[in-house]
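Only one structure is covered here, and it is reproduced in the block below.
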2 protein chains.
Amino acid sequence: MPDNMTTRVQADALKGFCTEVLQKLNVPEEDARITADVLVSADLRGVDSHGVARFRRYVGGIQSGIMLARPDVRVVTETPTTALIDAGAGLGHPVSYRAMRRAIGKAVEYGSAFVSVRKSNHFGIAGYYAMMALEHDCIGIAMTNAGRLVLPTFARESMLGTNPIAVAAPAGGEYPFVLDMATSTVPMGKLEVYNRLEKPMPLGWASDETGAPITDAGRAMELARKRKGGGLLPLGGAGESLSGHKGYGLALMVEILTGVLAGAAYSELIASEAAAEGERKPINLGHFFCALRVDAVRPADEFKASMDDLQQRLKNTPKAEGQNRIYIHGEKEYEEAERRAREGIPLNQKVFADLQDISGEVGVSF
Amino acid sequence: MPDNMTTRVQADALKGFCTEVLQKLNVPEEDARITADVLVSADLRGVDSHGVARFRRYVGGIQSGIMLARPDVRVVTETPTTALIDAGAGLGHPVSYRAMRRAIGKAVEYGSAFVSVRKSNHFGIAGYYAMMALEHDCIGIAMTNAGRLVLPTFARESMLGTNPIAVAAPAGGEYPFVLDMATSTVPMGKLEVYNRLEKPMPLGWASDETGAPITDAGRAMELARKRKGGGLLPLGGAGESLSGHKGYGLALMVEILTGVLAGAAYSELIASEAAAEGERKPINLGHFFCALRVDAVRPADEFKASMDDLQQRLKNTPKAEGQNRIYIHGEKEYEEAERRAREGIPLNQKVFADLQDISGEVGVSF
């Protein structure tokens, strides 16, 4: 099969496969189902970098023991509108799902709530959890820290993760607003694409070991992974001329609301997965989940009507020369999810082969 | 006095003057004091564009009747952890001060809280309100929408304000973390500086009426003010290559959390002040204030120790070539405030003359 061939697989088949594999690895059924749903939702929404392409990482994490299949998850502290959950080094997805559900339950009762999680692992796409708030007429917020890949402004070594921010707000006839963004200019996945195509990156995506912006994606990836200097640039790029200090500030805000607030690891204290695997120590990521109940402020119907109106106004704005469409955040992903639900999820050769390997290793048919 | 001359004035003298002027305009004493304190705090922190340089705007707003000196401020809805306040078209500062105080009070009792404000006016620096949370060992968040100046990605007309996000988190021996950022690449004040110096702007700050980025600051200012096409670019610049859609998404998130959630005006429904003055109609801005109590999650002392540690790690990161310092957000402003508290606040000739004019008009000695 040539490099650019893809195989289309139905979402349910993929979910079933991932669930079964995780169960074979001793993950409880509900946890396995949640994890599979988060992963395949990313694929459905077109966020291929965060879908089953990462399944190997979670399978490997459980096999090597740095992610526990049956962790001892504990509620450490709780108030009417907050909670701190210790994920016990389990998979990030099930604990995050339950933490967000808890935040929503509290917000439905009290108006607003947030739940912090520590000793966790990568939780997939942040948007999944923020979107859980939508059916409860809440605004949802989800954030996580991550292994360091991003340079603070004026630095030449990475100290922060790509630290995503996700915010979801319900609408009426329009799609909900779903912002789900890394606070770096681009995520690593974008460098991988440019490297594969041997295309020079725009200046402002990554810097070399002196802190100077570079266009060679392959070199930037190598540097970022070795963590020997260089790395991704915060939103706004290097220095302050295009306000890279704002992207750095947003990344630091996420680090504080997730790692520091939860008492999890932060910055260089987050072990890289490779290092963690060597030492068998948990990565200890922190997450932050927040829900705000819309009708604590104004009737949800009125809010949604305003959301529709605002979206229509934005879409109807006169377009820049050469452009014919203005998007609302989440719109492309909703459209893609509808398409892929019909046509199946396109898996590239590498991902497909990887899933076949897992199938063979674990003994679950794919 | 030549153009670049400045006169230094002590903060207390400036506050006293502004308070007296507002009282002469029939603003109640406490409201006048709060407004003066917010304004002069901006000057102390070095955010000159948001300090007494804007005093004329508030004085004029009250004189023309679009800002009411004695508004009918009402709590519209309230739950244990939320409230919606109608500012009655009064000054933005006093209602915002009280809204944030209310959010903090609720967070201290319940763990987390947010307060929305509608029918308000410009509230000065967002950071002031976020920072109010610090002495209560809370994390503070403040946002507002504003008259449209910023282009959505792929648009050629402005539809969103510079919509600032402010987040403050307490620290121990280090300064607190205070992020206070417009979601545009730069605020209008930055264009004014480049225009004065006749310096070309970096590409990525503003676009012309076709939606193409330009370097002529004077032209960009004129376009933005006429709102006939062109305007400021969101953080990340034009198009998607440096992720301008993320800055656009952050600006839209703020528009939703402030204007839409509060039931205030949003996007092009926000009257420009000039238009409002002609029609004597309120601008109807929306604000959002949120407080999260740190020790609802972990002991505040531990949190602060981690904040200090994280800050020190960031500051000690090896520097990019040609750089010798890495900053934490808020640090420059705290240092400037200490300097200006000692040495006085430098007012440029134009601002000084403006305050003298107000002094003469209103009959308060300066």
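We name chains A, B, ... following the order of the structure tokens; residues begin at 1 in each chain, and ligands are numbered from 1 as shown.
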
Select all residues from chain A having any atom no more than 6 Å from an atom of chain B (counting only C-alpha atoms, ignoring ligands), output as JSON, numbers by chain.
-> {"A": [81, 82, 84, 111, 112, 113, 154, 155, 156, 185, 210, 211, 236, 243, 297, 318, 319, 320, 321, 326]}

Spatial neighbours of stretch 47-53 of chain A, 6 Å, only C-alpha atoms, chain gap at least 6 places, as a PyMOL selection string = chain A and resi 39-40+124+351

Since we have the selection now, will you write its residues out, keeping C-alpha atoms, as a CSV table (one decimal), in the first residue's frame?
chain,number,residue,atom,x,y,z
A,39,LEU,CA,-9.8,8.8,21.0
A,40,VAL,CA,-12.2,8.1,18.2
A,124,GLY,CA,-6.5,13.3,24.5
A,351,VAL,CA,-1.6,4.2,11.7

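Separating atom CA of B:Gly46 from atom CA of B:Phe352 is a distance of 16.0 Å.
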
Mind listing the strand (DSSP E) residues of stretch 53-148 of chain A, per DSSP on the backbone, as an NGL selection string?
-> :A and (74-79 or 82-86 or 112-120 or 138-144)

Pick out each residue of stretch 248-285 of chain B that DSSP on the backbone tags as alpha helix (DSSP H); I need them as a list of chain:residue names.
-> B:Tyr248, B:Gly249, B:Leu250, B:Ala251, B:Leu252, B:Met253, B:Val254, B:Glu255, B:Leu261, B:Ala262, B:Glu273, B:Ala274, B:Ala275, B:Ala276, B:Glu277, B:Gly278, B:Glu279

Find the residues near B:Leu355: any atom within 12 Å, counting only C-alpha atoms, skip ones fewer than 2 places away on the same chain, and give them as a PyMOL selection string.
-> chain B and resi 7+9+14+17-18+21+51-57+59+347-353+357-366

Can you tell me, as a VMD selection string, what residues are no more than 10 Å from A:Ser96 when counting only C-alpha atoms, ignoring any on the same chain fewer than 6 positions away?
-> chain A and resid 34 to 35 85 87 102 115 to 117 120 to 124 126 128 to 129 142 287 to 289

Between atom CA of B:Lys15 and atom CA of B:Ala36, distance in Å (one decimal) | 5.2 Å

Atom CA of A:Glu135 to atom CA of A:Pro170: how many Å, to one decimal?
-> 7.9 Å

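The smallest atom-to-atom distance between A:Gln10 and any of A:Asp354, A:Glu343, A:Glu279, A:Glu333, using only C-alpha atoms, is found for A:Glu343.
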